[in-house]
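Trainee: Next up, protein.pdb (PDB, C-alpha atoms).
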ATOM      1  CA  MET A  16     164.785  97.640  89.566  1.00  0.00           C
ATOM      2  CA  LEU A  17     161.149  98.453  88.721  1.00  0.00           C
ATOM      3  CA  ARG A  18     161.477  96.895  85.262  1.00  0.00           C
ATOM      4  CA  LYS A  19     162.915  93.762  86.859  1.00  0.00           C
ATOM      5  CA  ALA A  20     160.068  93.564  89.380  1.00  0.00           C
ATOM      6  CA  LEU A  21     157.473  93.926  86.615  1.00  0.00           C
ATOM      7  CA  THR A  22     159.228  91.282  84.544  1.00  0.00           C
ATOM      8  CA  CYS A  23     159.238  88.865  87.493  1.00  0.00           C
ATOM      9  CA  ALA A  24     155.579  89.555  88.221  1.00  0.00           C
ATOM     10  CA  GLY A  25     154.699  88.966  84.587  1.00  0.00           C
ATOM     11  CA  SER A  26     156.589  85.691  84.562  1.00  0.00           C
ATOM     12  CA  ALA A  27     154.808  84.535  87.727  1.00  0.00           C
ATOM     13  CA  LEU A  28     151.436  85.445  86.236  1.00  0.00           C
ATOM     14  CA  GLN A  29     152.217  83.480  83.072  1.00  0.00           C
ATOM     15  CA  GLN A  30     153.203  80.494  85.180  1.00  0.00           C
ATOM     16  CA  ARG A  31     149.887  80.575  87.081  1.00  0.00           C
ATOM     17  CA  GLN A  32     147.713  81.165  84.008  1.00  0.00           C
ATOM     18  CA  PRO A  33     147.710  77.522  82.788  1.00  0.00           C
ATOM     19  CA  TRP A  34     146.386  76.362  86.148  1.00  0.00           C
ATOM     20  CA  ARG A  35     143.591  78.914  85.933  1.00  0.00           C
ATOM     21  CA  THR A  36     142.765  77.707  82.412  1.00  0.00           C
ATOM     22  CA  ILE A  37     142.757  74.088  83.525  1.00  0.00           C
ATOM     23  CA  ALA A  38     140.470  74.909  86.451  1.00  0.00           C
ATOM     24  CA  TRP A  39     138.076  76.764  84.141  1.00  0.00           C
ATOM     25  CA  ARG A  40     138.047  73.883  81.665  1.00  0.00           C
ATOM     26  CA  ARG A  41     137.423  71.402  84.459  1.00  0.00           C
ATOM     27  CA  SER A  42     134.517  73.496  85.806  1.00  0.00           C
ATOM     28  CA  SER A  43     133.078  73.908  82.308  1.00  0.00           C
ATOM     29  CA  SER A  44     133.355  70.161  81.722  1.00  0.00           C
ATOM     30  CA  VAL A  45     131.496  69.360  84.958  1.00  0.00           C
ATOM     31  CA  SER A  46     128.764  71.884  84.108  1.00  0.00           C
ATOM     32  CA  SER A  47     128.368  70.397  80.638  1.00  0.00           C
ATOM     33  CA  ALA A  48     128.115  66.886  82.083  1.00  0.00           C
ATOM     34  CA  VAL A  49     125.421  67.986  84.550  1.00  0.00           C
ATOM     35  CA  ASN A  50     123.443  69.665  81.771  1.00  0.00           C
ATOM     36  CA  SER A  51     123.669  66.513  79.662  1.00  0.00           C
ATOM     37  CA  ILE A  52     122.355  64.399  82.549  1.00  0.00           C
ATOM     38  CA  ILE A  53     119.441  66.794  83.076  1.00  0.00           C
ATOM     39  CA  LEU A  54     118.585  66.884  79.363  1.00  0.00           C
ATOM     40  CA  ARG A  55     118.719  63.093  79.080  1.00  0.00           C
ATOM     41  CA  SER A  56     116.495  62.692  82.153  1.00  0.00           C
ATOM     42  CA  LEU A  57     114.012  65.289  80.882  1.00  0.00           C
ATOM     43  CA  LYS A  58     113.824  63.546  77.516  1.00  0.00           C
ATOM     44  CA  ASP A  59     113.226  60.155  79.148  1.00  0.00           C
ATOM     45  CA  HIS A  60     110.455  61.552  81.351  1.00  0.00           C
ATOM     46  CA  TYR A  61     108.923  63.432  78.427  1.00  0.00           C
ATOM     47  CA  LEU A  62     108.767  60.268  76.334  1.00  0.00           C
ATOM     48  CA  GLU A  63     107.358  58.275  79.253  1.00  0.00           C
ATOM     49  CA  VAL A  64     104.612  60.826  79.960  1.00  0.00           C
ATOM     50  CA  SER A  65     103.795  61.188  76.256  1.00  0.00           C
ATOM     51  CA  LYS A  66     102.956  57.451  76.128  1.00  0.00           C
ATOM     52  CA  MET A  67     100.437  57.661  78.984  1.00  0.00           C
ATOM     53  CA  THR A  68      96.943  56.643  77.932  1.00  0.00           C
ATOM     54  CA  PRO A  69      94.473  59.522  78.293  1.00  0.00           C
ATOM     55  CA  PRO A  70      91.090  58.866  79.914  1.00  0.00           C
ATOM     56  CA  PRO A  71      88.077  58.266  77.674  1.00  0.00           C
ATOM     57  CA  LYS A  72      86.663  61.479  76.268  1.00  0.00           C
ATOM     58  CA  VAL A  73      83.801  62.756  78.421  1.00  0.00           C
ATOM     59  CA  SER A  74      81.393  65.543  77.587  1.00  0.00           C
ATOM     60  CA  PRO A  75      80.077  67.914  80.268  1.00  0.00           C
ATOM     61  CA  PRO A  76      76.452  67.502  81.339  1.00  0.00           C
ATOM     62  CA  THR A  77      73.954  69.494  79.283  1.00  0.00           C
ATOM     63  CA  PRO A  78      73.589  72.489  79.148  1.00  0.00           C
ATOM     64  CA  PHE A  79      77.135  73.252  80.363  1.00  0.00           C
ATOM     65  CA  THR A  80      79.686  74.210  77.713  1.00  0.00           C
ATOM     66  CA  VAL A  81      83.493  74.208  77.940  1.00  0.00           C
ATOM     67  CA  VAL A  82      85.120  77.649  78.069  1.00  0.00           C
ATOM     68  CA  LYS A  83      87.333  78.116  75.018  1.00  0.00           C
ATOM     69  CA  GLY A  84      91.044  78.098  75.901  1.00  0.00           C
ATOM     70  CA  ALA A  85      90.416  76.908  79.471  1.00  0.00           C
ATOM     71  CA  LEU A  86      93.123  74.220  79.235  1.00  0.00           C
ATOM     72  CA  ASP A  87      95.822  76.825  78.655  1.00  0.00           C
ATOM     73  CA  GLN A  88      94.832  79.381  81.275  1.00  0.00           C
ATOM     74  CA  GLY A  89      93.412  79.776  84.739  1.00  0.00           C
ATOM     75  CA  GLY A  90      89.792  80.678  85.255  1.00  0.00           C
ATOM     76  CA  PRO A  91      86.414  79.114  84.519  1.00  0.00           C
ATOM     77  CA  VAL A  92      86.145  75.704  82.863  1.00  0.00           C
ATOM     78  CA  LEU A  93      82.392  75.452  82.338  1.00  0.00           C
ATOM     79  CA  ARG A  94      79.632  77.968  81.708  1.00  0.00           C
ATOM     80  CA  ARG A  95      75.873  77.918  81.343  1.00  0.00           C
ATOM     81  CA  THR A  96      72.868  80.175  81.739  1.00  0.00           C
ATOM     82  CA  HIS A  97      69.857  79.637  83.986  1.00  0.00           C
ATOM     83  CA  GLY A  98      67.115  82.112  83.225  1.00  0.00           C
ATOM     84  CA  ASN A  99      68.888  85.458  83.353  1.00  0.00           C
ATOM     85  CA  GLU A 100      71.757  84.084  85.428  1.00  0.00           C
ATOM     86  CA  GLU A 101      75.300  83.495  84.206  1.00  0.00           C
ATOM     87  CA  ILE A 102      76.952  80.517  85.890  1.00  0.00           C
ATOM     88  CA  SER A 103      80.659  79.680  85.659  1.00  0.00           C
ATOM     89  CA  ILE A 104      82.611  76.856  87.274  1.00  0.00           C
ATOM     90  CA  SER A 105      86.322  76.641  88.048  1.00  0.00           C
ATOM     91  CA  VAL A 106      87.908  73.458  89.393  1.00  0.00           C
ATOM     92  CA  MET A 107      91.055  72.323  91.166  1.00  0.00           C
ATOM     93  CA  ARG A 108      92.276  69.281  93.042  1.00  0.00           C
ATOM     94  CA  LEU A 109      92.688  69.169  96.804  1.00  0.00           C
ATOM     95  CA  ALA A 110      96.416  68.515  96.241  1.00  0.00           C
ATOM     96  CA  ASN A 111      96.705  71.844  94.377  1.00  0.00           C
ATOM     97  CA  ILE A 112      95.392  73.692  97.438  1.00  0.00           C
ATOM     98  CA  ILE A 113      97.123  71.732 100.227  1.00  0.00           C
ATOM     99  CA  PRO A 114     100.215  69.735  99.124  1.00  0.00           C
ATOM    100  CA  GLY A 115      99.726  66.179 100.350  1.00  0.00           C
ATOM    101  CA  GLY A 116      96.176  67.152 101.260  1.00  0.00           C
ATOM    102  CA  GLY A 117      94.744  63.866 100.083  1.00  0.00           C
ATOM    103  CA  GLY A 118      94.972  62.506 103.614  1.00  0.00           C
ATOM    104  CA  ALA A 119      96.118  59.022 104.525  1.00  0.00           C
ATOM    105  CA  GLU A 120      94.622  57.599 101.341  1.00  0.00           C
ATOM    106  CA  GLU A 121      96.106  59.031  98.157  1.00  0.00           C
ATOM    107  CA  GLU A 122      92.913  58.019  96.379  1.00  0.00           C
ATOM    108  CA  ASP A 123      91.026  60.650  98.390  1.00  0.00           C
ATOM    109  CA  GLY A 124      93.089  63.405  96.781  1.00  0.00           C
ATOM    110  CA  ILE A 125      92.255  62.069  93.325  1.00  0.00           C
ATOM    111  CA  ASN A 126      88.554  61.705  94.052  1.00  0.00           C
ATOM    112  CA  GLN A 127      88.048  65.062  95.760  1.00  0.00           C
ATOM    113  CA  LEU A 128      87.750  68.192  93.670  1.00  0.00           C
ATOM    114  CA  PHE A 129      87.069  71.769  94.666  1.00  0.00           C
ATOM    115  CA  LEU A 130      84.629  73.852  92.665  1.00  0.00           C
ATOM    116  CA  HIS A 131      84.344  77.624  92.555  1.00  0.00           C
ATOM    117  CA  VAL A 132      80.822  78.332  91.356  1.00  0.00           C
ATOM    118  CA  ASP A 133      79.933  81.912  90.447  1.00  0.00           C
ATOM    119  CA  ILE A 134      76.352  82.949  89.801  1.00  0.00           C
ATOM    120  CA  SER A 135      75.720  86.463  88.546  1.00  0.00           C
ATOM    121  CA  LYS A 136      72.912  88.504  87.002  1.00  0.00           C
ATOM    122  CA  PRO A 137      73.065  91.399  84.535  1.00  0.00           C
ATOM    123  CA  GLY A 138      73.279  94.773  86.197  1.00  0.00           C
ATOM    124  CA  GLN A 139      74.368  93.314  89.539  1.00  0.00           C
ATOM    125  CA  LYS A 140      77.736  94.413  90.882  1.00  0.00           C
ATOM    126  CA  GLU A 141      78.194  91.303  93.010  1.00  0.00           C
ATOM    127  CA  SER A 142      78.049  87.577  92.352  1.00  0.00           C
ATOM    128  CA  LEU A 143      77.149  84.647  94.557  1.00  0.00           C
ATOM    129  CA  HIS A 144      80.265  82.557  95.042  1.00  0.00           C
ATOM    130  CA  PHE A 145      79.989  78.934  96.202  1.00  0.00           C
ATOM    131  CA  LEU A 146      83.062  76.951  97.236  1.00  0.00           C
ATOM    132  CA  CYS A 147      82.118  73.278  96.982  1.00  0.00           C
ATOM    133  CA  GLY A 148      83.723  69.891  97.501  1.00  0.00           C
ATOM    134  CA  LEU A 149      82.912  67.512  94.651  1.00  0.00           C
ATOM    135  CA  TYR A 150      83.088  63.718  94.899  1.00  0.00           C
ATOM    136  CA  PRO A 151      82.048  60.928  92.520  1.00  0.00           C
ATOM    137  CA  ASP A 152      78.800  60.466  94.432  1.00  0.00           C
ATOM    138  CA  ALA A 153      78.208  63.731  96.294  1.00  0.00           C
ATOM    139  CA  LEU A 154      78.679  67.480  96.448  1.00  0.00           C
ATOM    140  CA  GLY A 155      78.971  69.608  99.577  1.00  0.00           C
ATOM    141  CA  ILE A 156      79.049  73.369 100.094  1.00  0.00           C
ATOM    142  CA  HIS A 157      81.986  74.736 102.099  1.00  0.00           C
ATOM    143  CA  SER A 158      81.142  78.421 101.905  1.00  0.00           C
ATOM    144  CA  VAL A 159      78.813  80.953 100.282  1.00  0.00           C
ATOM    145  CA  SER A 160      79.970  84.515  99.798  1.00  0.00           C
ATOM    146  CA  LEU A 161      79.324  87.694  97.857  1.00  0.00           C
ATOM    147  CA  ARG A 162      82.116  88.923  95.619  1.00  0.00           C
ATOM    148  CA  PRO A 163      82.399  91.996  93.438  1.00  0.00           C
ATOM    149  CA  LYS A 164      82.449  91.094  89.776  1.00  0.00           C
ATOM    150  CA  ALA A 165      85.161  92.587  87.563  1.00  0.00           C
ATOM    151  CA  GLU A 166      83.084  93.552  84.524  1.00  0.00           C
ATOM    152  CA  SER A 167      86.062  93.909  82.186  1.00  0.00           C
ATOM    153  CA  THR A 168      87.345  90.346  82.568  1.00  0.00           C
ATOM    154  CA  GLY A 169      84.445  88.329  83.914  1.00  0.00           C
ATOM    155  CA  PHE A 170      86.616  87.141  86.806  1.00  0.00           C
ATOM    156  CA  LEU A 171      85.777  87.746  90.414  1.00  0.00           C
ATOM    157  CA  ALA A 172      87.881  90.042  92.552  1.00  0.00           C
ATOM    158  CA  VAL A 173      89.014  89.078  96.050  1.00  0.00           C
ATOM    159  CA  PRO A 174      86.419  90.446  98.485  1.00  0.00           C
ATOM    160  CA  THR A 175      87.541  93.323 100.688  1.00  0.00           C
ATOM    161  CA  ASN A 176      84.333  93.652 102.744  1.00  0.00           C
ATOM    162  CA  TYR A 177      82.239  91.233 104.779  1.00  0.00           C
ATOM    163  CA  SER A 178      81.196  88.452 102.421  1.00  0.00           C
ATOM    164  CA  GLY A 179      79.000  86.200 104.528  1.00  0.00           C
ATOM    165  CA  PRO A 180      78.761  83.960 107.618  1.00  0.00           C
ATOM    166  CA  VAL A 181      80.604  80.698 108.173  1.00  0.00           C
ATOM    167  CA  PHE A 182      78.509  78.152 106.306  1.00  0.00           C
ATOM    168  CA  GLN A 183      78.325  75.700 109.199  1.00  0.00           C
ATOM    169  CA  ASP A 184      76.979  78.479 111.421  1.00  0.00           C
ATOM    170  CA  ILE A 185      73.893  78.852 109.216  1.00  0.00           C
ATOM    171  CA  ASP A 186      70.865  76.879 110.410  1.00  0.00           C
ATOM    172  CA  GLU A 187      70.239  73.522 108.778  1.00  0.00           C
ATOM    173  CA  ALA A 188      67.119  74.609 106.879  1.00  0.00           C
ATOM    174  CA  MET A 189      69.062  77.431 105.208  1.00  0.00           C
ATOM    175  CA  ARG A 190      71.949  75.099 104.339  1.00  0.00           C
ATOM    176  CA  ASP A 191      69.550  72.590 102.773  1.00  0.00           C
ATOM    177  CA  ALA A 192      67.880  75.381 100.775  1.00  0.00           C
ATOM    178  CA  LEU A 193      71.256  76.539  99.405  1.00  0.00           C
ATOM    179  CA  HIS A 194      72.094  72.973  98.379  1.00  0.00           C
ATOM    180  CA  ARG A 195      68.770  72.786  96.515  1.00  0.00           C
ATOM    181  CA  PHE A 196      69.521  76.183  94.961  1.00  0.00           C
ATOM    182  CA  ILE A 197      72.694  74.981  93.255  1.00  0.00           C
ATOM    183  CA  GLU A 198      71.198  71.545  92.533  1.00  0.00           C
ATOM    184  CA  GLU A 199      68.492  73.255  90.454  1.00  0.00           C
ATOM    185  CA  ARG A 200      71.310  74.827  88.403  1.00  0.00           C
ATOM    186  CA  GLY A 201      72.964  71.486  87.664  1.00  0.00           C
ATOM    187  CA  ILE A 202      75.739  71.827  90.236  1.00  0.00           C
ATOM    188  CA  ASN A 203      75.996  68.246  91.471  1.00  0.00           C
ATOM    189  CA  GLU A 204      78.012  65.021  91.279  1.00  0.00           C
ATOM    190  CA  SER A 205      77.141  64.579  87.586  1.00  0.00           C
ATOM    191  CA  LEU A 206      79.938  67.095  86.890  1.00  0.00           C
ATOM    192  CA  PHE A 207      82.598  64.839  88.409  1.00  0.00           C
ATOM    193  CA  PRO A 208      83.433  62.511  85.460  1.00  0.00           C
ATOM    194  CA  PHE A 209      84.012  65.385  83.037  1.00  0.00           C
ATOM    195  CA  LEU A 210      85.944  67.600  85.461  1.00  0.00           C
ATOM    196  CA  GLN A 211      88.183  64.751  86.627  1.00  0.00           C
ATOM    197  CA  ALA A 212      89.025  63.850  83.004  1.00  0.00           C
ATOM    198  CA  TRP A 213      89.519  67.537  82.159  1.00  0.00           C
ATOM    199  CA  LEU A 214      91.975  67.982  85.037  1.00  0.00           C
ATOM    200  CA  TYR A 215      93.903  64.907  83.899  1.00  0.00           C
ATOM    201  CA  VAL A 216      94.316  66.381  80.415  1.00  0.00           C
ATOM    202  CA  LYS A 217      95.297  69.776  81.837  1.00  0.00           C
ATOM    203  CA  ASP A 218      97.832  68.275  84.273  1.00  0.00           C
ATOM    204  CA  HIS A 219      99.279  66.106  81.481  1.00  0.00           C
ATOM    205  CA  ARG A 220      99.602  69.094  79.154  1.00  0.00           C
ATOM    206  CA  ASN A 221     101.216  71.241  81.861  1.00  0.00           C
ATOM    207  CA  LEU A 222     103.717  68.478  82.692  1.00  0.00           C
ATOM    208  CA  MET A 223     104.680  68.019  79.030  1.00  0.00           C
ATOM    209  CA  ARG A 224     105.096  71.777  78.656  1.00  0.00           C
ATOM    210  CA  TRP A 225     107.246  71.895  81.815  1.00  0.00           C
ATOM    211  CA  PHE A 226     109.620  69.201  80.518  1.00  0.00           C
ATOM    212  CA  LYS A 227     109.988  71.002  77.178  1.00  0.00           C
ATOM    213  CA  THR A 228     110.504  74.460  78.706  1.00  0.00           C
ATOM    214  CA  VAL A 229     113.079  73.325  81.267  1.00  0.00           C
ATOM    215  CA  GLY A 230     114.880  71.318  78.577  1.00  0.00           C
ATOM    216  CA  SER A 231     114.988  74.336  76.283  1.00  0.00           C
ATOM    217  CA  LEU A 232     116.426  76.555  79.041  1.00  0.00           C
ATOM    218  CA  VAL A 233     119.062  74.003  80.050  1.00  0.00           C
ATOM    219  CA  ASN A 234     119.978  73.391  76.405  1.00  0.00           C
ATOM    220  CA  ASP A 235     120.440  77.131  75.818  1.00  0.00           C
ATOM    221  CA  SER A 236     122.653  77.263  78.911  1.00  0.00           C
ATOM    222  CA  LYS A 237     124.683  74.314  77.601  1.00  0.00           C
ATOM    223  CA  GLN A 238     125.198  75.932  74.209  1.00  0.00           C
ATOM    224  CA  GLY A 239     126.138  79.221  75.846  1.00  0.00           C
ATOM    225  CA  SER A 240     128.808  77.508  77.945  1.00  0.00           C
ATOM    226  CA  SER A 241     130.282  75.747  74.920  1.00  0.00           C
ATOM    227  CA  HIS A 242     130.731  79.074  73.099  1.00  0.00           C
ATOM    228  CA  ALA A 243     132.185  80.871  76.114  1.00  0.00           C
TER     229      ALA A 243
END
For this file, write the structure as structure tokens.
Mentor:
Amino acid sequence: MLRKALTCAGSALQQRQPWRTIAWRRSSSVSSAVNSIILRSLKDHYLEVSKMTPPPKVSPPTPFTVVKGALDQGGPVLRRTHGNEEISISVMRLANIIPGGGGAEEEDGINQLFLHVDISKPGQKESLHFLCGLYPDALGIHSVSLRPKAESTGFLAVPTNYSGPVFQDIDEAMRDALHRFIEERGINESLFPFLQAWLYVKDHRNLMRWFKTVGSLVNDSKQGSSHA
């Protein structure tokens, strides 16, 4: 009786197995088709972006120099010295801080950059940190703070103590003096053409890298499915 039951169960299992195989093949086929669509779309976008005309090459204002490797990493873009001061500048677009932050006019997001300006002196544990809005024809200070400098990397750590008053709460004479302070160090609208072009190149490079990386991952997944 037991042998008969096992034989019947085995026969039933064999009868169901083809359906399971068909279902697996159908699922694998759909997955392969989806991967092919993604890869084709990625390739089309990659080729389209690769044909985009880059902006004219622009050099930073003297005496600023471009930080080596800045296009491939986060951190400062420009550096210079002023007396015994070390000055570094990082930049980002408004859209990178607040998605859709360009306001009603998309052009505003393109023509508004944010600068992180760090001014430090040898032997000092803290740096002056200016957050500025940069436009083609103007520069405005949003905040001024003190931040501890990480000596090993040159980057600034996030402040944990009181770093300064709200900039708009400072009296007008002090605000004007701080604007003159950074103006004397070359922090002004003359930086805009270079930094806008630099961001374009960086965004273009990141987008190209994204298409290639995603395509490589999807292609590996496709090949893995075909060998399964």
Trainee: Determine the residue membership of the PyMOL selection byres ((chain A and resi 101-107) around 10) for the file above and supply it as a tab-separated table (two decimals) with C-alpha atoms, in the frame of the given file.
Mentor:
chain	number	residue	atom	x	y	z
A	79	PHE	CA	77.14	73.25	80.36
A	80	THR	CA	79.69	74.21	77.71
A	81	VAL	CA	83.49	74.21	77.94
A	82	VAL	CA	85.12	77.65	78.07
A	85	ALA	CA	90.42	76.91	79.47
A	89	GLY	CA	93.41	79.78	84.74
A	90	GLY	CA	89.79	80.68	85.26
A	91	PRO	CA	86.41	79.11	84.52
A	92	VAL	CA	86.14	75.70	82.86
A	93	LEU	CA	82.39	75.45	82.34
A	94	ARG	CA	79.63	77.97	81.71
A	95	ARG	CA	75.87	77.92	81.34
A	96	THR	CA	72.87	80.18	81.74
A	97	HIS	CA	69.86	79.64	83.99
A	98	GLY	CA	67.11	82.11	83.22
A	99	ASN	CA	68.89	85.46	83.35
A	100	GLU	CA	71.76	84.08	85.43
A	108	ARG	CA	92.28	69.28	93.04
A	109	LEU	CA	92.69	69.17	96.80
A	110	ALA	CA	96.42	68.52	96.24
A	111	ASN	CA	96.70	71.84	94.38
A	112	ILE	CA	95.39	73.69	97.44
A	127	GLN	CA	88.05	65.06	95.76
A	128	LEU	CA	87.75	68.19	93.67
A	129	PHE	CA	87.07	71.77	94.67
A	130	LEU	CA	84.63	73.85	92.66
A	131	HIS	CA	84.34	77.62	92.56
A	132	VAL	CA	80.82	78.33	91.36
A	133	ASP	CA	79.93	81.91	90.45
A	134	ILE	CA	76.35	82.95	89.80
A	135	SER	CA	75.72	86.46	88.55
A	136	LYS	CA	72.91	88.50	87.00
A	137	PRO	CA	73.06	91.40	84.54
A	142	SER	CA	78.05	87.58	92.35
A	143	LEU	CA	77.15	84.65	94.56
A	144	HIS	CA	80.26	82.56	95.04
A	145	PHE	CA	79.99	78.93	96.20
A	146	LEU	CA	83.06	76.95	97.24
A	147	CYS	CA	82.12	73.28	96.98
A	148	GLY	CA	83.72	69.89	97.50
A	149	LEU	CA	82.91	67.51	94.65
A	169	GLY	CA	84.44	88.33	83.91
A	170	PHE	CA	86.62	87.14	86.81
A	200	ARG	CA	71.31	74.83	88.40
A	202	ILE	CA	75.74	71.83	90.24
A	210	LEU	CA	85.94	67.60	85.46
A	211	GLN	CA	88.18	64.75	86.63
A	213	TRP	CA	89.52	67.54	82.16
A	214	LEU	CA	91.98	67.98	85.04
Trainee: To one decimal place, how far is CA of Val229 (chain A) from CA of Asp87 (chain A) in Å?
Mentor: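 Rounded to one decimal, the two atoms are 17.8 Å apart.
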Trainee: Using only C-alpha atoms, find the one residue out of A:Lys164, A:Tyr61, A:Lys72, A:Val233 that sits nearest to Arg220 (chain A).
Mentor: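 Under the stated criterion, the closest residue is A:Tyr61.
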Trainee: As an exercise, work out the distance from CA of Ile53 (chain A) to CA of Met67 (chain A) in Å and give it to one decimal place.
Mentor: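 Computed distance, CA of Ile53 (chain A) to CA of Met67 (chain A), equals 21.5 Å.
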Trainee: Exactly which residues make up the result of the PyMOL selection byres ((chain A and resi 75) around 6) on this file, given as a count of residues only?
Mentor: 3
Trainee: Can you give me, as a PDB file with C-alpha atoms, keeping the file's coordinate frame, the residues this file yields under the PyMOL selection byres ((chain A and resi 227) around 12)?
Mentor:
ATOM      1  CA  ILE A  53     119.441  66.794  83.076  1.00  0.00           C
ATOM      2  CA  LEU A  54     118.585  66.884  79.363  1.00  0.00           C
ATOM      3  CA  ARG A  55     118.719  63.093  79.080  1.00  0.00           C
ATOM      4  CA  SER A  56     116.495  62.692  82.153  1.00  0.00           C
ATOM      5  CA  LEU A  57     114.012  65.289  80.882  1.00  0.00           C
ATOM      6  CA  LYS A  58     113.824  63.546  77.516  1.00  0.00           C
ATOM      7  CA  ASP A  59     113.226  60.155  79.148  1.00  0.00           C
ATOM      8  CA  HIS A  60     110.455  61.552  81.351  1.00  0.00           C
ATOM      9  CA  TYR A  61     108.923  63.432  78.427  1.00  0.00           C
ATOM     10  CA  LEU A  62     108.767  60.268  76.334  1.00  0.00           C
ATOM     11  CA  VAL A  64     104.612  60.826  79.960  1.00  0.00           C
ATOM     12  CA  SER A  65     103.795  61.188  76.256  1.00  0.00           C
ATOM     13  CA  ARG A 220      99.602  69.094  79.154  1.00  0.00           C
ATOM     14  CA  ASN A 221     101.216  71.241  81.861  1.00  0.00           C
ATOM     15  CA  LEU A 222     103.717  68.478  82.692  1.00  0.00           C
ATOM     16  CA  MET A 223     104.680  68.019  79.030  1.00  0.00           C
ATOM     17  CA  ARG A 224     105.096  71.777  78.656  1.00  0.00           C
ATOM     18  CA  TRP A 225     107.246  71.895  81.815  1.00  0.00           C
ATOM     19  CA  PHE A 226     109.620  69.201  80.518  1.00  0.00           C
ATOM     20  CA  THR A 228     110.504  74.460  78.706  1.00  0.00           C
ATOM     21  CA  VAL A 229     113.079  73.325  81.267  1.00  0.00           C
ATOM     22  CA  GLY A 230     114.880  71.318  78.577  1.00  0.00           C
ATOM     23  CA  SER A 231     114.988  74.336  76.283  1.00  0.00           C
ATOM     24  CA  LEU A 232     116.426  76.555  79.041  1.00  0.00           C
ATOM     25  CA  VAL A 233     119.062  74.003  80.050  1.00  0.00           C
ATOM     26  CA  ASN A 234     119.978  73.391  76.405  1.00  0.00           C
TER      27      ASN A 234
END
Trainee: As an exercise, work out the distance from CA of Lys83 (chain A) to CA of Ser205 (chain A) in Å and give it to one decimal place.
Mentor: 21.1 Å
Trainee: Would you please work out which residue, of A:Ile52, A:Leu86, A:Ser158, A:Ala153, is nearest to Val216 (chain A) when using only C-alpha atoms?
Mentor: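 Ranking A:Ile52, A:Leu86, A:Ser158, A:Ala153 by distance to Val216 (chain A), first place goes to A:Leu86.
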Trainee: I want to know what sits within 8 Å of region 176-189 of chain A, based on all atoms listed in the file, with residues of the same chain fewer than 5 positions away left out; could you give that as a PyMOL selection string?
Mentor: chain A and resi 156-162
Trainee: Using all atoms listed in the file for the distances, tell me which of A:Gly138, A:Pro151, A:Gly201, A:Pro70 is nearest to Pro163 (chain A).
Mentor: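 Of the candidates, the smallest distance to Pro163 (chain A) is held by A:Gly138.
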Trainee: Can you fill out region 203-214 of chain A with N, CA and C atoms and hand it back as a PDB file, keeping the file's coordinate frame?
Mentor:
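The resulting result35.pdb:
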ATOM      1  N   ASN A 203      76.107  69.475  90.690  1.00  0.00           N
ATOM      2  CA  ASN A 203      75.996  68.246  91.471  1.00  0.00           C
ATOM      3  C   ASN A 203      77.068  67.255  91.031  1.00  0.00           C
ATOM      4  N   GLU A 204      76.973  66.018  91.540  1.00  0.00           N
ATOM      5  CA  GLU A 204      78.012  65.021  91.279  1.00  0.00           C
ATOM      6  C   GLU A 204      78.088  64.596  89.815  1.00  0.00           C
ATOM      7  N   SER A 205      77.082  64.936  89.008  1.00  0.00           N
ATOM      8  CA  SER A 205      77.141  64.579  87.586  1.00  0.00           C
ATOM      9  C   SER A 205      78.280  65.309  86.870  1.00  0.00           C
ATOM     10  N   LEU A 206      78.820  66.359  87.478  1.00  0.00           N
ATOM     11  CA  LEU A 206      79.938  67.095  86.890  1.00  0.00           C
ATOM     12  C   LEU A 206      81.272  66.371  87.072  1.00  0.00           C
ATOM     13  N   PHE A 207      81.315  65.432  88.019  1.00  0.00           N
ATOM     14  CA  PHE A 207      82.598  64.839  88.409  1.00  0.00           C
ATOM     15  C   PHE A 207      83.326  64.134  87.259  1.00  0.00           C
ATOM     16  N   PRO A 208      82.684  63.231  86.508  1.00  0.00           N
ATOM     17  CA  PRO A 208      83.433  62.511  85.460  1.00  0.00           C
ATOM     18  C   PRO A 208      84.116  63.437  84.469  1.00  0.00           C
ATOM     19  N   PHE A 209      83.398  64.474  84.004  1.00  0.00           N
ATOM     20  CA  PHE A 209      84.012  65.385  83.037  1.00  0.00           C
ATOM     21  C   PHE A 209      85.152  66.170  83.663  1.00  0.00           C
ATOM     22  N   LEU A 210      84.932  66.737  84.852  1.00  0.00           N
ATOM     23  CA  LEU A 210      85.944  67.600  85.461  1.00  0.00           C
ATOM     24  C   LEU A 210      87.182  66.816  85.866  1.00  0.00           C
ATOM     25  N   GLN A 211      87.014  65.571  86.300  1.00  0.00           N
ATOM     26  CA  GLN A 211      88.183  64.751  86.627  1.00  0.00           C
ATOM     27  C   GLN A 211      88.998  64.466  85.363  1.00  0.00           C
ATOM     28  N   ALA A 212      88.322  64.111  84.266  1.00  0.00           N
ATOM     29  CA  ALA A 212      89.025  63.850  83.004  1.00  0.00           C
ATOM     30  C   ALA A 212      89.672  65.124  82.484  1.00  0.00           C
ATOM     31  N   TRP A 213      88.985  66.256  82.622  1.00  0.00           N
ATOM     32  CA  TRP A 213      89.519  67.537  82.159  1.00  0.00           C
ATOM     33  C   TRP A 213      90.792  67.900  82.923  1.00  0.00           C
ATOM     34  N   LEU A 214      90.794  67.685  84.226  1.00  0.00           N
ATOM     35  CA  LEU A 214      91.975  67.982  85.037  1.00  0.00           C
ATOM     36  C   LEU A 214      93.138  67.077  84.657  1.00  0.00           C
TER      37      LEU A 214
END
